[in-house]
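The structure under discussion appears below in the form of structure tokens.
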Amino acid sequence: RAKEQGGGTVCRYDPAMMAATVERARLRSLLAGALERGEFHLVYQPLTEAAGGRPVGVEALLRWNPAGGAPVPPSTFIPLCEDSGLILPIGRWVLETACRQLRRWQEEGHGELEFAVNLSPRQLRDPALVDNVRGALAATGIEPSRLVLEVTEGLLIEDMAFSRQVLTRLKELGVRLALDDFGTGYSSLSYLNNLPFDILKMDGSFTRNLGDAGRENASGQAVARAIIGLARSLSMTLVAEGVETPEQLAWLAANGCTLIQGYLLGRPEAPQAAAATLDRLAAEHARRQKERGDFV
Ligand code: C2E
Ligand code: MG
Ligand code: MG
Ligand code: MG
């Protein structure tokens with residue numbers, strides 16, 4: 001190994017790397033029974049219209065609290081679940097739990113919410129996926145058009161024909177498809193051409209460069225404007241992720257972004273708190289509408 005790296009390089013024992021490997025192995029074994037032990041739960045983050053702030057839905061995000069340990073972030077445990085195949089039963093649980101929650105919210109009168117669920121690329125390879133989605137919708141009586149399936153760019157390109165086939169079968173159920181974290185991967189534009197996405201989620205890293213008064217970032221704005229224009233010319237809905245400041249929101253609304261998501265509106269929260277946040281956003285929207293009406 002040291003030889004491969006060329007002269008002068010010494011292959012050393014790296015304690016930090018070793019510790020990380022041991023930690024991953026420990027988490028992997030804890031994950032194996034985590035679903036059965038009920039250690040997962042979903043939190044829900046609101047999405048609103050950029051112009052006017054009407055809340056339109058939520059994204060369901062997975063959380064893992066191992067018994068007796070600190071919560072582990074999805075960026076750590078989801079890749080481990082993908083490697084082991086555990087993402088299949090967990091992904092199914094996510095889908096069913098989110099559908100049941102939406103059903104509950106509908107019964108409690110929260111109305112016309114959309115809800116988005118993340119799918120890992122590994123789930124797209126699961127021959128049971130389409131049936132699982134159909135089953136989760138049927139069991140809860142949720143209209144398919146309420147469900148958005150979010151897919152990251154990651155592995156779609158590896159087999160574009162296969163990806164298109166699966167995504168098309170999902171669309172035939174009546175659900176909508178979102179391309180998540182758009183702009184961070186590679187070959188993004190070929191996905192748009194070849195795959196049946198309805199929604200583009202612009203990655204939060206682009207939002208970060210927007211609208212900070214005094215720290216204008218011309219190239220950041222140009223890129224965001226181009227992504228918004230791309231979505232519009234392809235008749236896709238654009239969601240800006242990671243909106244944290246009123247300045248970012250104002251910029252996005254002024255530049256034709258459709259929907260926004262971010263800590264400014266609400267953090268991902270447990271169902272009851274998320275419902276309260278949705279009610280607050282709806283009340284703020286109604287108040288703004290009324291004020292606008294009063295001025296006309
Ligand atoms: P994502 O689908 O792009 O989700 C958005 C992430 O951005 C979430 O991180 C959310 O908490 C975070 N976020 C939202 N608003 C803001 C903001 O204003 N500022 C910042 N800095 N961050 C914000 P989270 O919950 O840690 O999830 C990370 C990723 O893990 C997700 O990215 C998604 O790819 C994956 N993931 C989460 N839940 C699931 C799941 O149920 N299944 C699968 N397959 N993947 C999931
Ligand atoms: Mg997502
Ligand atoms: Mg995203
Ligand atoms: Mg992400």
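Chain labels run A, B, ... following the order of the structure tokens; each chain numbers its residues from 1, and ligands are numbered from 1 in the order shown.
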
**Report entry** Selection: 9 Å around segment 34-36 of chain A, only C-alpha atoms, excl. self and same-chain fewer than 6 positions, as a ChimeraX atom specification
**Finding:** /A:64-67,89-90,93

Write the residues of the preceding selection, restricted to all heavy atoms, as a compact mmCIF listing (two decimals), in the first residue's frame.
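Now in again17.txt:
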```txt
# COMPACT_ATOMS: atom_id res chain seq x y z
N TRP A 64 -33.06 8.34 14.87
CA TRP A 64 -32.74 7.12 15.60
C TRP A 64 -32.14 7.47 16.96
O TRP A 64 -31.11 8.14 17.03
CB TRP A 64 -31.74 6.28 14.81
CG TRP A 64 -31.31 5.02 15.52
CD1 TRP A 64 -32.09 4.23 16.33
CD2 TRP A 64 -30.02 4.41 15.47
NE1 TRP A 64 -31.35 3.17 16.79
CE2 TRP A 64 -30.08 3.25 16.29
CE3 TRP A 64 -28.82 4.72 14.83
CZ2 TRP A 64 -28.99 2.40 16.48
CZ3 TRP A 64 -27.73 3.87 15.01
CH2 TRP A 64 -27.81 2.72 15.82
N ASN A 65 -32.81 7.01 18.01
CA ASN A 65 -32.29 7.14 19.37
C ASN A 65 -32.00 5.74 19.90
O ASN A 65 -32.88 5.08 20.41
CB ASN A 65 -33.32 7.79 20.30
CG ASN A 65 -33.60 9.23 19.95
OD1 ASN A 65 -32.74 9.91 19.40
ND2 ASN A 65 -34.78 9.68 20.27
N PRO A 66 -30.75 5.28 19.80
CA PRO A 66 -30.42 3.95 20.33
C PRO A 66 -30.65 3.94 21.84
O PRO A 66 -30.33 4.93 22.51
CB PRO A 66 -28.93 3.79 20.01
CG PRO A 66 -28.56 4.91 19.11
CD PRO A 66 -29.57 5.98 19.28
N ALA A 67 -31.21 2.84 22.34
CA ALA A 67 -31.49 2.75 23.77
C ALA A 67 -30.21 3.04 24.56
O ALA A 67 -29.16 2.46 24.30
CB ALA A 67 -32.02 1.36 24.10
N PRO A 89 -36.54 -2.78 5.17
CA PRO A 89 -37.61 -2.77 6.19
C PRO A 89 -37.78 -1.41 6.86
O PRO A 89 -38.91 -1.01 7.15
CB PRO A 89 -37.15 -3.85 7.20
CG PRO A 89 -35.72 -4.11 6.91
CD PRO A 89 -35.51 -3.79 5.46
N ILE A 90 -36.68 -0.70 7.05
CA ILE A 90 -36.81 0.62 7.71
C ILE A 90 -37.54 1.60 6.78
O ILE A 90 -38.43 2.34 7.22
CB ILE A 90 -35.41 1.16 8.10
CG1 ILE A 90 -34.81 0.28 9.21
CG2 ILE A 90 -35.49 2.61 8.56
CD1 ILE A 90 -33.36 0.58 9.52
N TRP A 93 -41.14 0.93 6.90
CA TRP A 93 -41.70 1.46 8.15
C TRP A 93 -41.90 2.98 8.04
O TRP A 93 -42.92 3.52 8.48
CB TRP A 93 -40.77 1.11 9.32
CG TRP A 93 -41.24 1.65 10.63
CD1 TRP A 93 -42.10 1.05 11.51
CD2 TRP A 93 -40.90 2.92 11.20
NE1 TRP A 93 -42.33 1.87 12.59
CE2 TRP A 93 -41.60 3.02 12.43
CE3 TRP A 93 -40.08 3.99 10.81
CZ2 TRP A 93 -41.50 4.14 13.26
CZ3 TRP A 93 -39.99 5.10 11.63
CH2 TRP A 93 -40.69 5.17 12.83
```

Closest-contact table, chain A side, partner ligand 1, 8 Å, counting only C-alpha atoms and all ligand atoms, as CSV:
```
residue,atom,partner,partner_atom_place_in_ligand_line,distance
A:Leu42,CA,ligand 1,41 (O),7.5
A:Gln45,CA,ligand 1,14 (C),7.2
A:Glu59,CA,ligand 1,4 (O),7.8
A:Ala60,CA,ligand 1,41 (O),6.6
A:Leu61,CA,ligand 1,38 (N),3.8
A:Leu62,CA,ligand 1,38 (N),3.9
A:Arg63,CA,ligand 1,38 (N),7.1
A:Pro73,CA,ligand 1,26 (O),5.7
A:Pro74,CA,ligand 1,30 (O),4.6
A:Ser75,CA,ligand 1,30 (O),5.3
A:Ile78,CA,ligand 1,45 (N),6.2
A:Ile87,CA,ligand 1,44 (N),7.0
A:Ile90,CA,ligand 1,41 (O),7.8
A:Gly91,CA,ligand 1,42 (N),5.9
A:Val94,CA,ligand 1,41 (O),5.6
A:Leu95,CA,ligand 1,41 (O),7.9
A:Val117,CA,ligand 1,41 (O),6.3
A:Asn118,CA,ligand 1,42 (N),4.5
A:Leu119,CA,ligand 1,44 (N),4.2
A:Ser120,CA,ligand 1,44 (N),3.8
A:Pro121,CA,ligand 1,44 (N),7.6
A:Gln123,CA,ligand 1,44 (N),7.8
A:Glu150,CA,ligand 1,2 (O),7.0
A:Val151,CA,ligand 1,34 (O),7.9
A:Thr152,CA,ligand 1,34 (O),6.8
A:Asp180,CA,ligand 1,3 (O),6.0
A:Asp181,CA,ligand 1,3 (O),5.5
A:Asp203,CA,ligand 1,3 (O),7.1
A:Gly204,CA,ligand 1,20 (C),6.9
A:Glu241,CA,ligand 1,15 (N),6.2
A:Gly242,CA,ligand 1,18 (O),3.5
A:Val243,CA,ligand 1,18 (O),4.7
A:Glu244,CA,ligand 1,18 (O),4.6
A:Gln261,CA,ligand 1,15 (N),6.0
A:Gly262,CA,ligand 1,18 (O),3.4
A:Tyr263,CA,ligand 1,18 (O),3.8
A:Leu264,CA,ligand 1,18 (O),6.3
A:Gly266,CA,ligand 1,15 (N),7.7
A:Arg267,CA,ligand 1,15 (N),6.3
A:Pro268,CA,ligand 1,11 (O),5.8
```

Include N, CA and C atoms and write out the residues we just selected as a CSV table (one decimal), in the first residue's frame.
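Once written, out12.csv looks like this:
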```
chain,number,residue,atom,x,y,z
A,42,LEU,N,-40.3,9.4,13.5
A,42,LEU,CA,-40.2,10.4,12.4
A,42,LEU,C,-40.5,11.8,12.9
A,45,GLN,N,-41.0,18.3,9.0
A,45,GLN,CA,-40.6,19.7,8.7
A,45,GLN,C,-41.6,20.4,7.7
A,59,GLU,N,-42.1,17.4,5.2
A,59,GLU,CA,-41.2,16.3,4.8
A,59,GLU,C,-41.0,15.4,6.1
A,60,ALA,N,-41.1,14.1,5.9
A,60,ALA,CA,-40.9,13.2,7.0
A,60,ALA,C,-39.4,12.9,7.1
A,61,LEU,N,-38.8,13.0,8.2
A,61,LEU,CA,-37.3,12.8,8.4
A,61,LEU,C,-37.1,11.8,9.5
A,62,LEU,N,-36.3,10.8,9.3
A,62,LEU,CA,-36.1,9.7,10.2
A,62,LEU,C,-35.1,10.1,11.3
A,63,ARG,N,-35.4,9.6,12.5
A,63,ARG,CA,-34.5,9.8,13.7
A,63,ARG,C,-34.3,8.5,14.4
A,73,PRO,N,-27.3,10.9,13.9
A,73,PRO,CA,-27.9,11.6,12.8
A,73,PRO,C,-28.0,10.7,11.6
A,74,PRO,N,-29.0,11.0,10.7
A,74,PRO,CA,-29.3,10.2,9.5
A,74,PRO,C,-28.1,10.1,8.6
A,75,SER,N,-27.3,11.2,8.6
A,75,SER,CA,-26.1,11.1,7.7
A,75,SER,C,-25.1,10.1,8.1
A,78,ILE,N,-28.0,6.2,8.0
A,78,ILE,CA,-28.6,5.8,6.7
A,78,ILE,C,-27.6,5.1,5.8
A,87,ILE,N,-32.1,-0.9,5.1
A,87,ILE,CA,-32.9,0.3,4.7
A,87,ILE,C,-34.3,-0.2,4.1
A,90,ILE,N,-36.7,-0.7,7.1
A,90,ILE,CA,-36.8,0.6,7.7
A,90,ILE,C,-37.5,1.6,6.8
A,91,GLY,N,-37.2,1.6,5.5
A,91,GLY,CA,-37.8,2.4,4.5
A,91,GLY,C,-39.3,2.2,4.5
A,94,VAL,N,-40.9,3.7,7.5
A,94,VAL,CA,-41.0,5.1,7.3
A,94,VAL,C,-42.3,5.5,6.5
A,95,LEU,N,-42.4,4.8,5.4
A,95,LEU,CA,-43.5,5.0,4.5
A,95,LEU,C,-44.9,4.8,5.2
A,117,VAL,N,-41.6,11.8,1.5
A,117,VAL,CA,-40.9,10.7,2.2
A,117,VAL,C,-39.6,10.5,1.4
A,118,ASN,N,-38.5,10.4,2.0
A,118,ASN,CA,-37.2,10.1,1.3
A,118,ASN,C,-37.0,8.6,1.0
A,119,LEU,N,-36.6,8.4,-0.2
A,119,LEU,CA,-36.3,7.0,-0.6
A,119,LEU,C,-34.8,6.9,-0.8
A,120,SER,N,-34.2,5.9,-0.3
A,120,SER,CA,-32.8,5.7,-0.6
A,120,SER,C,-32.7,5.0,-2.0
A,121,PRO,N,-31.6,5.2,-2.7
A,121,PRO,CA,-31.4,4.6,-4.0
A,121,PRO,C,-31.5,3.0,-3.9
A,123,GLN,N,-33.6,1.4,-2.1
A,123,GLN,CA,-35.0,1.1,-2.2
A,123,GLN,C,-35.5,1.0,-3.6
A,150,GLU,N,-39.0,11.5,-2.4
A,150,GLU,CA,-37.8,12.2,-2.7
A,150,GLU,C,-36.6,11.3,-2.9
A,151,VAL,N,-35.9,11.5,-4.0
A,151,VAL,CA,-34.8,10.6,-4.4
A,151,VAL,C,-33.6,11.5,-4.6
A,152,THR,N,-32.4,11.1,-4.0
A,152,THR,CA,-31.2,11.8,-4.3
A,152,THR,C,-30.5,11.3,-5.5
A,180,ASP,N,-34.0,15.2,-5.0
A,180,ASP,CA,-33.5,15.9,-3.8
A,180,ASP,C,-32.1,16.4,-3.9
A,181,ASP,N,-31.8,17.4,-3.1
A,181,ASP,CA,-30.4,17.9,-3.0
A,181,ASP,C,-29.8,18.2,-4.4
A,203,ASP,N,-30.5,22.2,-3.4
A,203,ASP,CA,-29.8,21.9,-2.1
A,203,ASP,C,-29.6,23.2,-1.3
A,204,GLY,N,-29.6,23.0,0.0
A,204,GLY,CA,-29.4,24.1,0.9
A,204,GLY,C,-28.1,24.9,0.8
A,241,GLU,N,-34.3,24.4,-0.3
A,241,GLU,CA,-34.0,23.8,1.0
A,241,GLU,C,-33.1,24.8,1.9
A,242,GLY,N,-33.2,24.6,3.2
A,242,GLY,CA,-32.2,25.3,4.0
A,242,GLY,C,-32.4,26.8,4.2
A,243,VAL,N,-33.7,27.2,4.1
A,243,VAL,CA,-33.9,28.7,4.3
A,243,VAL,C,-33.9,29.0,5.7
A,244,GLU,N,-32.9,29.9,6.1
A,244,GLU,CA,-32.7,30.2,7.5
A,244,GLU,C,-32.9,31.6,7.9
A,261,GLN,N,-38.3,25.5,2.4
A,261,GLN,CA,-38.3,24.7,3.5
A,261,GLN,C,-37.0,25.1,4.3
A,262,GLY,N,-37.1,25.1,5.6
A,262,GLY,CA,-35.9,25.5,6.4
A,262,GLY,C,-36.2,25.9,7.8
A,263,TYR,N,-35.2,26.1,8.6
A,263,TYR,CA,-35.3,26.4,10.0
A,263,TYR,C,-36.1,27.7,10.2
A,264,LEU,N,-36.1,28.6,9.2
A,264,LEU,CA,-36.8,29.9,9.4
A,264,LEU,C,-38.3,29.6,9.6
A,266,GLY,N,-39.6,26.4,10.2
A,266,GLY,CA,-39.8,25.4,11.3
A,266,GLY,C,-38.8,24.3,11.2
A,267,ARG,N,-38.3,23.8,12.3
A,267,ARG,CA,-37.4,22.7,12.4
A,267,ARG,C,-38.2,21.4,12.2
A,268,PRO,N,-37.5,20.3,11.9
A,268,PRO,CA,-38.2,19.1,11.9
A,268,PRO,C,-38.6,18.8,13.4
```

Requested in this report: Give me the residues within 7 Å of segment 217-230 of chain A as a PyMOL selection string, counting only C-alpha atoms and dropping any in the same chain fewer than 6 places off.
Outcome: chain A and resi 206+209-210+238+255-257

Export of the given selection (N, CA and C atoms) as an mmCIF file, in the first residue's frame:
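Heads up, here's the output in part_0.cif:
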```cif
data_model
loop_
_atom_site.group_PDB
_atom_site.id
_atom_site.type_symbol
_atom_site.label_atom_id
_atom_site.label_comp_id
_atom_site.auth_asym_id
_atom_site.auth_seq_id
_atom_site.Cartn_x
_atom_site.Cartn_y
_atom_site.Cartn_z
ATOM 1 N N PHE A 206 -26.968 26.095 -1.847
ATOM 2 C CA PHE A 206 -27.209 27.231 -2.747
ATOM 3 C C PHE A 206 -27.950 28.341 -2.018
ATOM 4 N N ASN A 209 -25.989 31.050 0.041
ATOM 5 C CA ASN A 209 -25.333 32.192 -0.615
ATOM 6 C C ASN A 209 -26.271 33.343 -0.948
ATOM 7 N N LEU A 210 -27.511 33.242 -0.520
ATOM 8 C CA LEU A 210 -28.499 34.215 -0.983
ATOM 9 C C LEU A 210 -28.842 35.275 0.050
ATOM 10 N N LEU A 238 -40.095 24.153 -7.942
ATOM 11 C CA LEU A 238 -38.802 24.285 -7.290
ATOM 12 C C LEU A 238 -38.981 24.497 -5.785
ATOM 13 N N ASN A 255 -37.532 36.036 -6.678
ATOM 14 C CA ASN A 255 -36.942 35.449 -7.874
ATOM 15 C C ASN A 255 -37.697 34.212 -8.381
ATOM 16 N N GLY A 256 -38.915 34.032 -7.921
ATOM 17 C CA GLY A 256 -39.791 33.051 -8.540
ATOM 18 C C GLY A 256 -39.665 31.625 -8.044
ATOM 19 N N CYS A 257 -39.034 31.436 -6.882
ATOM 20 C CA CYS A 257 -39.006 30.098 -6.285
ATOM 21 C C CYS A 257 -40.415 29.750 -5.782
#
```

Query raised in the report: So which bits of segment 55-293 of chain A end up helix (DSSP H, G or I) when you DSSP the backbone, as an MDAnalysis selection string?
Result: chainID A and resid 74:84 87:107 121:124 129:140 144:146 156:172 188:194 204:207 218:233 246:254 271:293

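If you measure from each of A:Pro46, A:Met18, A:Arg208, A:Gly53 to ligand 2 using only C-alpha atoms and all ligand atoms, the closest one turns out to be A:Pro46.
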
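Atom CA of Arg92 of chain A is found 15.1 Å from atom CA of Glu39 of chain A.
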
**Report entry** Counting only C-alpha atoms, the option among A:Ala138, A:Cys99, A:Val148, A:Ala19 closest to Glu114 of chain A
**Finding:** A:Val148
